[in-house]
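The structure appears below as structure tokens.
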Amino acid sequence: MCRFLEGEYFLDCQVTESMLFAYTHIKYDAMEYEVRHNEGKHRFEASENGHMALVEYQILDRGLMNIYHTEVPDSIEGLGVGSALMREALAFARKNHYKVLPTCSFAQVYVGMHPNYQDMLV
């Protein structure tokens, strides 16, 4: 039996990399961050502990939203900030009836792990 503790990844078990990823994802995906939509710069921004994270996009012809860059500083990586930014970017796309072209590797993985966004993909 595996037991997970706050601040530690595991006790009393052999943990695989996929288990660690799943635990981290579940633990932090529910965290909420204040995400700002900076329409002038075509990006979503969030700050945590004085560090700025962002997701950049561009609106292409034919109603396509290209999510092409995600940046999360090392100091706040793994806290769910990137996921919060991606949720807001995808909510914006859905609200505006855009199809999404995820050219950023993080965006590709994120939408791949969340089936509720599959209908939005090009």
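Labels for the structure tokens follow display order: chains A, B, ..., residues from 1 in each chain, ligands from 1.
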Inset, instruction - Show which residues sit within 10 Å of Asn66 (chain A), as a list in words. Count only C-alpha atoms, and ignore same-chain residues fewer than 4 positions away. - result: Glu56, Tyr57, Gln58, Ile59, Leu60, Ala93, Tyr98, Lys99, Val100, Leu101, Pro102, Thr103, Cys104, Ala107 and Val122 of chain A
Would you mind exporting the chosen residues as a compact mmCIF listing (two decimals), in the first residue's frame, restricted to all heavy atoms?
# COMPACT_ATOMS: atom_id res chain seq x y z
N GLU A 56 1.11 31.93 -24.32
CA GLU A 56 0.94 32.84 -25.46
C GLU A 56 0.18 32.15 -26.58
O GLU A 56 0.34 30.95 -26.80
CB GLU A 56 2.31 33.32 -25.96
CG GLU A 56 3.04 34.16 -24.93
CD GLU A 56 4.40 34.61 -25.40
OE1 GLU A 56 5.22 33.75 -25.77
OE2 GLU A 56 4.63 35.83 -25.40
N TYR A 57 -0.60 32.95 -27.27
CA TYR A 57 -1.42 32.41 -28.36
C TYR A 57 -1.50 33.43 -29.48
O TYR A 57 -1.16 34.60 -29.32
CB TYR A 57 -2.82 32.07 -27.86
CG TYR A 57 -3.65 33.29 -27.50
CD1 TYR A 57 -4.45 33.92 -28.44
CD2 TYR A 57 -3.61 33.83 -26.21
CE1 TYR A 57 -5.19 35.05 -28.11
CE2 TYR A 57 -4.35 34.95 -25.87
CZ TYR A 57 -5.13 35.56 -26.83
OH TYR A 57 -5.86 36.67 -26.51
N GLN A 58 -1.97 32.97 -30.62
CA GLN A 58 -2.30 33.88 -31.71
C GLN A 58 -3.58 33.37 -32.36
O GLN A 58 -3.85 32.17 -32.38
CB GLN A 58 -1.15 33.97 -32.73
CG GLN A 58 -0.77 32.67 -33.37
CD GLN A 58 0.48 32.75 -34.23
OE1 GLN A 58 1.04 31.73 -34.51
NE2 GLN A 58 0.93 33.91 -34.64
N ILE A 59 -4.38 34.31 -32.81
CA ILE A 59 -5.61 33.96 -33.51
C ILE A 59 -5.29 33.99 -35.01
O ILE A 59 -4.84 35.00 -35.54
CB ILE A 59 -6.75 34.94 -33.18
CG1 ILE A 59 -7.00 34.99 -31.67
CG2 ILE A 59 -8.02 34.56 -33.94
CD1 ILE A 59 -7.38 33.66 -31.04
N LEU A 60 -5.49 32.86 -35.64
CA LEU A 60 -5.20 32.72 -37.07
C LEU A 60 -6.50 32.85 -37.86
O LEU A 60 -7.59 32.88 -37.30
CB LEU A 60 -4.57 31.35 -37.33
CG LEU A 60 -3.32 31.02 -36.50
CD1 LEU A 60 -2.91 29.57 -36.72
CD2 LEU A 60 -2.19 31.97 -36.84
N ALA A 93 -11.00 30.07 -25.71
CA ALA A 93 -11.20 29.51 -27.05
C ALA A 93 -12.62 28.97 -27.22
O ALA A 93 -13.28 29.23 -28.22
CB ALA A 93 -10.18 28.41 -27.33
N TYR A 98 -13.44 29.13 -31.07
CA TYR A 98 -12.21 28.88 -31.82
C TYR A 98 -11.88 27.41 -31.79
O TYR A 98 -12.09 26.74 -30.77
CB TYR A 98 -11.03 29.64 -31.21
CG TYR A 98 -11.09 31.13 -31.31
CD1 TYR A 98 -10.89 31.92 -30.19
CD2 TYR A 98 -11.33 31.77 -32.53
CE1 TYR A 98 -10.93 33.31 -30.27
CE2 TYR A 98 -11.38 33.15 -32.60
CZ TYR A 98 -11.17 33.91 -31.48
OH TYR A 98 -11.22 35.28 -31.56
N LYS A 99 -11.34 26.91 -32.88
CA LYS A 99 -10.70 25.61 -32.88
C LYS A 99 -9.28 25.84 -32.38
O LYS A 99 -8.70 26.90 -32.59
CB LYS A 99 -10.67 24.98 -34.28
CG LYS A 99 -12.02 24.49 -34.74
CD LYS A 99 -12.40 23.27 -33.93
CE LYS A 99 -13.63 22.59 -34.48
NZ LYS A 99 -14.00 21.41 -33.69
N VAL A 100 -8.70 24.86 -31.70
CA VAL A 100 -7.40 25.04 -31.07
C VAL A 100 -6.33 24.22 -31.80
O VAL A 100 -6.52 23.04 -32.09
CB VAL A 100 -7.46 24.65 -29.58
CG1 VAL A 100 -6.09 24.70 -28.94
CG2 VAL A 100 -8.44 25.55 -28.84
N LEU A 101 -5.24 24.90 -32.07
CA LEU A 101 -4.05 24.28 -32.65
C LEU A 101 -2.95 24.38 -31.60
O LEU A 101 -2.33 25.42 -31.44
CB LEU A 101 -3.65 25.02 -33.93
CG LEU A 101 -2.40 24.55 -34.64
CD1 LEU A 101 -2.58 23.13 -35.15
CD2 LEU A 101 -2.09 25.51 -35.80
N PRO A 102 -2.72 23.30 -30.83
CA PRO A 102 -1.72 23.37 -29.76
C PRO A 102 -0.33 23.03 -30.30
O PRO A 102 0.04 21.87 -30.39
CB PRO A 102 -2.20 22.31 -28.76
CG PRO A 102 -2.93 21.30 -29.60
CD PRO A 102 -3.48 22.05 -30.78
N THR A 103 0.45 24.05 -30.65
CA THR A 103 1.79 23.79 -31.16
C THR A 103 2.83 23.78 -30.05
O THR A 103 3.96 23.34 -30.27
CB THR A 103 2.18 24.81 -32.26
OG1 THR A 103 2.05 26.12 -31.75
CG2 THR A 103 1.29 24.64 -33.48
N CYS A 104 2.49 24.25 -28.89
CA CYS A 104 3.36 24.18 -27.71
C CYS A 104 3.27 22.76 -27.13
O CYS A 104 2.19 22.19 -27.04
CB CYS A 104 2.87 25.21 -26.69
SG CYS A 104 3.43 24.95 -25.01
N ALA A 107 0.91 22.44 -24.15
CA ALA A 107 -0.49 22.48 -24.57
C ALA A 107 -0.92 21.15 -25.18
O ALA A 107 -2.02 20.67 -24.92
CB ALA A 107 -0.71 23.62 -25.57
N VAL A 122 -8.06 21.01 -33.83
CA VAL A 122 -8.11 21.05 -35.29
C VAL A 122 -7.89 19.65 -35.82
O VAL A 122 -7.07 18.92 -35.36
CB VAL A 122 -7.01 21.99 -35.85
CG1 VAL A 122 -6.98 21.96 -37.36
CG2 VAL A 122 -7.22 23.39 -35.35
Inset, instruction - List every residue of region 21-121 of chain A that DSSP, applied to the backbone of this structure, places in alpha helix (DSSP H), and write the result as a PyMOL selection string. - result: chain A and resi 21-29+81-95+105-113
Just N, CA, C and O atoms for this one: save the residues we selected as a tab-separated table (two decimals), in the first residue's frame.
chain	number	residue	atom	x	y	z
A	21	PHE	N	3.80	11.42	-11.33
A	21	PHE	CA	3.18	12.43	-12.18
A	21	PHE	C	1.69	12.53	-11.88
A	21	PHE	O	1.15	13.62	-11.74
A	22	ALA	N	1.02	11.41	-11.77
A	22	ALA	CA	-0.41	11.42	-11.50
A	22	ALA	C	-0.70	12.08	-10.16
A	22	ALA	O	-1.62	12.89	-10.04
A	23	TYR	N	0.10	11.78	-9.16
A	23	TYR	CA	-0.12	12.38	-7.85
A	23	TYR	C	0.08	13.89	-7.91
A	23	TYR	O	-0.73	14.65	-7.41
A	24	THR	N	1.15	14.33	-8.53
A	24	THR	CA	1.41	15.76	-8.64
A	24	THR	C	0.29	16.44	-9.40
A	24	THR	O	-0.19	17.50	-9.03
A	25	HIS	N	-0.16	15.81	-10.48
A	25	HIS	CA	-1.22	16.39	-11.30
A	25	HIS	C	-2.51	16.53	-10.50
A	25	HIS	O	-3.15	17.58	-10.50
A	26	ILE	N	-2.88	15.48	-9.79
A	26	ILE	CA	-4.11	15.52	-9.01
A	26	ILE	C	-4.00	16.53	-7.87
A	26	ILE	O	-4.89	17.31	-7.62
A	27	LYS	N	-2.86	16.53	-7.22
A	27	LYS	CA	-2.67	17.40	-6.06
A	27	LYS	C	-2.76	18.88	-6.44
A	27	LYS	O	-3.37	19.66	-5.73
A	28	TYR	N	-2.17	19.26	-7.55
A	28	TYR	CA	-2.08	20.68	-7.88
A	28	TYR	C	-3.05	21.14	-8.95
A	28	TYR	O	-3.23	22.32	-9.12
A	29	ASP	N	-3.69	20.23	-9.67
A	29	ASP	CA	-4.61	20.66	-10.72
A	29	ASP	C	-5.80	21.40	-10.12
A	29	ASP	O	-6.41	22.22	-10.78
A	81	VAL	N	0.42	26.02	-11.98
A	81	VAL	CA	0.20	27.32	-12.61
A	81	VAL	C	-0.01	27.15	-14.11
A	81	VAL	O	-0.91	27.76	-14.69
A	82	GLY	N	0.79	26.31	-14.75
A	82	GLY	CA	0.64	26.05	-16.18
A	82	GLY	C	-0.73	25.48	-16.51
A	82	GLY	O	-1.36	25.87	-17.50
A	83	SER	N	-1.21	24.59	-15.67
A	83	SER	CA	-2.55	24.01	-15.88
A	83	SER	C	-3.63	25.07	-15.74
A	83	SER	O	-4.59	25.09	-16.52
A	84	ALA	N	-3.49	25.95	-14.75
A	84	ALA	CA	-4.47	27.03	-14.57
A	84	ALA	C	-4.50	27.94	-15.79
A	84	ALA	O	-5.57	28.33	-16.27
A	85	LEU	N	-3.32	28.27	-16.30
A	85	LEU	CA	-3.24	29.11	-17.50
A	85	LEU	C	-3.88	28.41	-18.70
A	85	LEU	O	-4.62	29.03	-19.47
A	86	MET	N	-3.61	27.13	-18.85
A	86	MET	CA	-4.15	26.39	-19.98
A	86	MET	C	-5.68	26.29	-19.88
A	86	MET	O	-6.37	26.43	-20.89
A	87	ARG	N	-6.20	26.08	-18.67
A	87	ARG	CA	-7.67	26.03	-18.51
A	87	ARG	C	-8.30	27.34	-18.96
A	87	ARG	O	-9.33	27.34	-19.64
A	88	GLU	N	-7.71	28.46	-18.58
A	88	GLU	CA	-8.26	29.77	-18.96
A	88	GLU	C	-8.15	30.00	-20.46
A	88	GLU	O	-9.07	30.54	-21.08
A	89	ALA	N	-7.02	29.64	-21.04
A	89	ALA	CA	-6.85	29.81	-22.49
A	89	ALA	C	-7.87	28.98	-23.25
A	89	ALA	O	-8.48	29.45	-24.22
A	90	LEU	N	-8.09	27.76	-22.81
A	90	LEU	CA	-9.04	26.89	-23.50
A	90	LEU	C	-10.48	27.34	-23.26
A	90	LEU	O	-11.33	27.22	-24.15
A	91	ALA	N	-10.77	27.89	-22.09
A	91	ALA	CA	-12.11	28.45	-21.83
A	91	ALA	C	-12.37	29.64	-22.75
A	91	ALA	O	-13.47	29.79	-23.29
A	92	PHE	N	-11.34	30.46	-22.95
A	92	PHE	CA	-11.44	31.60	-23.87
A	92	PHE	C	-11.72	31.10	-25.30
A	92	PHE	O	-12.58	31.63	-26.00
A	93	ALA	N	-11.00	30.07	-25.71
A	93	ALA	CA	-11.20	29.51	-27.05
A	93	ALA	C	-12.62	28.97	-27.22
A	93	ALA	O	-13.28	29.23	-28.22
A	94	ARG	N	-13.09	28.24	-26.22
A	94	ARG	CA	-14.44	27.66	-26.31
A	94	ARG	C	-15.49	28.76	-26.35
A	94	ARG	O	-16.42	28.73	-27.16
A	95	LYS	N	-15.35	29.77	-25.50
A	95	LYS	CA	-16.31	30.87	-25.45
A	95	LYS	C	-16.41	31.59	-26.79
A	95	LYS	O	-17.48	32.04	-27.19
A	105	SER	N	4.40	22.20	-26.74
A	105	SER	CA	4.41	20.82	-26.23
A	105	SER	C	3.58	20.68	-24.95
A	105	SER	O	2.89	19.67	-24.78
A	106	PHE	N	3.61	21.68	-24.08
A	106	PHE	CA	2.79	21.59	-22.86
A	106	PHE	C	1.31	21.59	-23.21
A	106	PHE	O	0.53	20.82	-22.65
A	107	ALA	N	0.91	22.44	-24.15
A	107	ALA	CA	-0.49	22.48	-24.57
A	107	ALA	C	-0.92	21.15	-25.18
A	107	ALA	O	-2.02	20.67	-24.92
A	108	GLN	N	-0.05	20.53	-25.96
A	108	GLN	CA	-0.36	19.24	-26.56
A	108	GLN	C	-0.59	18.18	-25.50
A	108	GLN	O	-1.55	17.41	-25.56
A	109	VAL	N	0.28	18.13	-24.50
A	109	VAL	CA	0.14	17.15	-23.42
A	109	VAL	C	-1.11	17.45	-22.60
A	109	VAL	O	-1.88	16.54	-22.28
A	110	TYR	N	-1.36	18.71	-22.30
A	110	TYR	CA	-2.50	19.08	-21.48
A	110	TYR	C	-3.81	18.67	-22.14
A	110	TYR	O	-4.65	18.02	-21.51
A	111	VAL	N	-4.01	19.03	-23.40
A	111	VAL	CA	-5.27	18.66	-24.06
A	111	VAL	C	-5.35	17.15	-24.27
A	111	VAL	O	-6.44	16.59	-24.26
A	112	GLY	N	-4.21	16.50	-24.42
A	112	GLY	CA	-4.21	15.04	-24.55
A	112	GLY	C	-4.66	14.34	-23.29
A	112	GLY	O	-5.23	13.25	-23.33
A	113	MET	N	-4.42	14.96	-22.13
A	113	MET	CA	-4.79	14.37	-20.85
A	113	MET	C	-6.20	14.75	-20.41
A	113	MET	O	-6.69	14.24	-19.40
Could you pull the residues within 8 Å of Leu54 (chain A), counting only C-alpha atoms, minus those fewer than 2 positions along the same chain, as a PDB file with all heavy atoms, in the first residue's frame?
ATOM      1  N   ARG A  43      -1.853  36.868 -24.536  1.00  0.00           N
ATOM      2  CA  ARG A  43      -1.368  35.850 -23.610  1.00  0.00           C
ATOM      3  C   ARG A  43      -2.173  35.872 -22.318  1.00  0.00           C
ATOM      4  O   ARG A  43      -2.848  36.842 -21.988  1.00  0.00           O
ATOM      5  CB  ARG A  43       0.112  36.033 -23.319  1.00  0.00           C
ATOM      6  CG  ARG A  43       0.465  37.284 -22.557  1.00  0.00           C
ATOM      7  CD  ARG A  43       1.967  37.436 -22.476  1.00  0.00           C
ATOM      8  NE  ARG A  43       2.360  38.455 -21.516  1.00  0.00           N
ATOM      9  CZ  ARG A  43       3.592  38.864 -21.369  1.00  0.00           C
ATOM     10  NH1 ARG A  43       4.565  38.353 -22.109  1.00  0.00           N
ATOM     11  NH2 ARG A  43       3.890  39.786 -20.477  1.00  0.00           N
ATOM     12  N   PHE A  44      -2.085  34.769 -21.604  1.00  0.00           N
ATOM     13  CA  PHE A  44      -2.661  34.632 -20.278  1.00  0.00           C
ATOM     14  C   PHE A  44      -1.506  34.626 -19.295  1.00  0.00           C
ATOM     15  O   PHE A  44      -0.478  33.999 -19.550  1.00  0.00           O
ATOM     16  CB  PHE A  44      -3.488  33.343 -20.183  1.00  0.00           C
ATOM     17  CG  PHE A  44      -4.742  33.404 -21.011  1.00  0.00           C
ATOM     18  CD1 PHE A  44      -4.721  33.070 -22.351  1.00  0.00           C
ATOM     19  CD2 PHE A  44      -5.937  33.819 -20.443  1.00  0.00           C
ATOM     20  CE1 PHE A  44      -5.862  33.152 -23.122  1.00  0.00           C
ATOM     21  CE2 PHE A  44      -7.088  33.905 -21.210  1.00  0.00           C
ATOM     22  CZ  PHE A  44      -7.052  33.575 -22.560  1.00  0.00           C
ATOM     23  N   GLU A  45      -1.674  35.326 -18.160  1.00  0.00           N
ATOM     24  CA  GLU A  45      -0.589  35.502 -17.209  1.00  0.00           C
ATOM     25  C   GLU A  45      -1.060  35.160 -15.796  1.00  0.00           C
ATOM     26  O   GLU A  45      -2.209  35.404 -15.447  1.00  0.00           O
ATOM     27  CB  GLU A  45      -0.116  36.959 -17.196  1.00  0.00           C
ATOM     28  CG  GLU A  45       0.268  37.496 -18.544  1.00  0.00           C
ATOM     29  CD  GLU A  45       0.403  39.010 -18.586  1.00  0.00           C
ATOM     30  OE1 GLU A  45      -0.204  39.705 -17.725  1.00  0.00           O
ATOM     31  OE2 GLU A  45       1.104  39.496 -19.485  1.00  0.00           O
ATOM     32  N   ALA A  46      -0.144  34.623 -15.013  1.00  0.00           N
ATOM     33  CA  ALA A  46      -0.414  34.369 -13.601  1.00  0.00           C
ATOM     34  C   ALA A  46       0.886  34.541 -12.837  1.00  0.00           C
ATOM     35  O   ALA A  46       1.960  34.202 -13.339  1.00  0.00           O
ATOM     36  CB  ALA A  46      -0.966  32.964 -13.396  1.00  0.00           C
ATOM     37  N   MET A  52       6.293  35.348 -12.727  1.00  0.00           N
ATOM     38  CA  MET A  52       5.260  35.383 -13.762  1.00  0.00           C
ATOM     39  C   MET A  52       5.337  34.144 -14.652  1.00  0.00           C
ATOM     40  O   MET A  52       6.394  33.783 -15.153  1.00  0.00           O
ATOM     41  CB  MET A  52       5.437  36.624 -14.631  1.00  0.00           C
ATOM     42  CG  MET A  52       4.543  36.673 -15.850  1.00  0.00           C
ATOM     43  SD  MET A  52       2.894  37.243 -15.505  1.00  0.00           S
ATOM     44  CE  MET A  52       3.217  38.951 -15.165  1.00  0.00           C
ATOM     45  N   GLU A  56       1.108  31.934 -24.322  1.00  0.00           N
ATOM     46  CA  GLU A  56       0.945  32.845 -25.458  1.00  0.00           C
ATOM     47  C   GLU A  56       0.182  32.153 -26.581  1.00  0.00           C
ATOM     48  O   GLU A  56       0.336  30.955 -26.799  1.00  0.00           O
ATOM     49  CB  GLU A  56       2.310  33.315 -25.959  1.00  0.00           C
ATOM     50  CG  GLU A  56       3.042  34.158 -24.925  1.00  0.00           C
ATOM     51  CD  GLU A  56       4.401  34.606 -25.401  1.00  0.00           C
ATOM     52  OE1 GLU A  56       5.221  33.746 -25.771  1.00  0.00           O
ATOM     53  OE2 GLU A  56       4.629  35.834 -25.403  1.00  0.00           O
ATOM     54  N   THR A  70       4.277  28.187 -23.702  1.00  0.00           N
ATOM     55  CA  THR A  70       3.979  28.203 -22.273  1.00  0.00           C
ATOM     56  C   THR A  70       5.299  28.406 -21.549  1.00  0.00           C
ATOM     57  O   THR A  70       6.289  27.759 -21.870  1.00  0.00           O
ATOM     58  CB  THR A  70       3.342  26.875 -21.810  1.00  0.00           C
ATOM     59  OG1 THR A  70       2.148  26.658 -22.548  1.00  0.00           O
ATOM     60  CG2 THR A  70       3.021  26.894 -20.330  1.00  0.00           C
ATOM     61  N   GLU A  71       5.287  29.304 -20.581  1.00  0.00           N
ATOM     62  CA  GLU A  71       6.503  29.577 -19.817  1.00  0.00           C
ATOM     63  C   GLU A  71       6.168  29.622 -18.333  1.00  0.00           C
ATOM     64  O   GLU A  71       5.348  30.422 -17.900  1.00  0.00           O
ATOM     65  CB  GLU A  71       7.092  30.912 -20.263  1.00  0.00           C
ATOM     66  CG  GLU A  71       8.405  31.255 -19.640  1.00  0.00           C
ATOM     67  CD  GLU A  71       8.976  32.532 -20.219  1.00  0.00           C
ATOM     68  OE1 GLU A  71       8.848  32.767 -21.434  1.00  0.00           O
ATOM     69  OE2 GLU A  71       9.543  33.315 -19.432  1.00  0.00           O
ATOM     70  N   VAL A  72       6.794  28.734 -17.581  1.00  0.00           N
ATOM     71  CA  VAL A  72       6.630  28.695 -16.132  1.00  0.00           C
ATOM     72  C   VAL A  72       8.034  28.687 -15.529  1.00  0.00           C
ATOM     73  O   VAL A  72       8.810  27.781 -15.801  1.00  0.00           O
ATOM     74  CB  VAL A  72       5.841  27.445 -15.676  1.00  0.00           C
ATOM     75  CG1 VAL A  72       5.743  27.390 -14.156  1.00  0.00           C
ATOM     76  CG2 VAL A  72       4.450  27.427 -16.298  1.00  0.00           C
ATOM     77  N   GLY A  82       0.790  26.308 -14.745  1.00  0.00           N
ATOM     78  CA  GLY A  82       0.636  26.053 -16.183  1.00  0.00           C
ATOM     79  C   GLY A  82      -0.731  25.480 -16.511  1.00  0.00           C
ATOM     80  O   GLY A  82      -1.357  25.872 -17.501  1.00  0.00           O
ATOM     81  N   LEU A  85      -3.318  28.269 -16.304  1.00  0.00           N
ATOM     82  CA  LEU A  85      -3.237  29.108 -17.504  1.00  0.00           C
ATOM     83  C   LEU A  85      -3.883  28.412 -18.697  1.00  0.00           C
ATOM     84  O   LEU A  85      -4.616  29.034 -19.473  1.00  0.00           O
ATOM     85  CB  LEU A  85      -1.773  29.430 -17.821  1.00  0.00           C
ATOM     86  CG  LEU A  85      -1.088  30.387 -16.857  1.00  0.00           C
ATOM     87  CD1 LEU A  85       0.415  30.344 -17.058  1.00  0.00           C
ATOM     88  CD2 LEU A  85      -1.613  31.801 -17.039  1.00  0.00           C
TER      89      LEU A  85
END
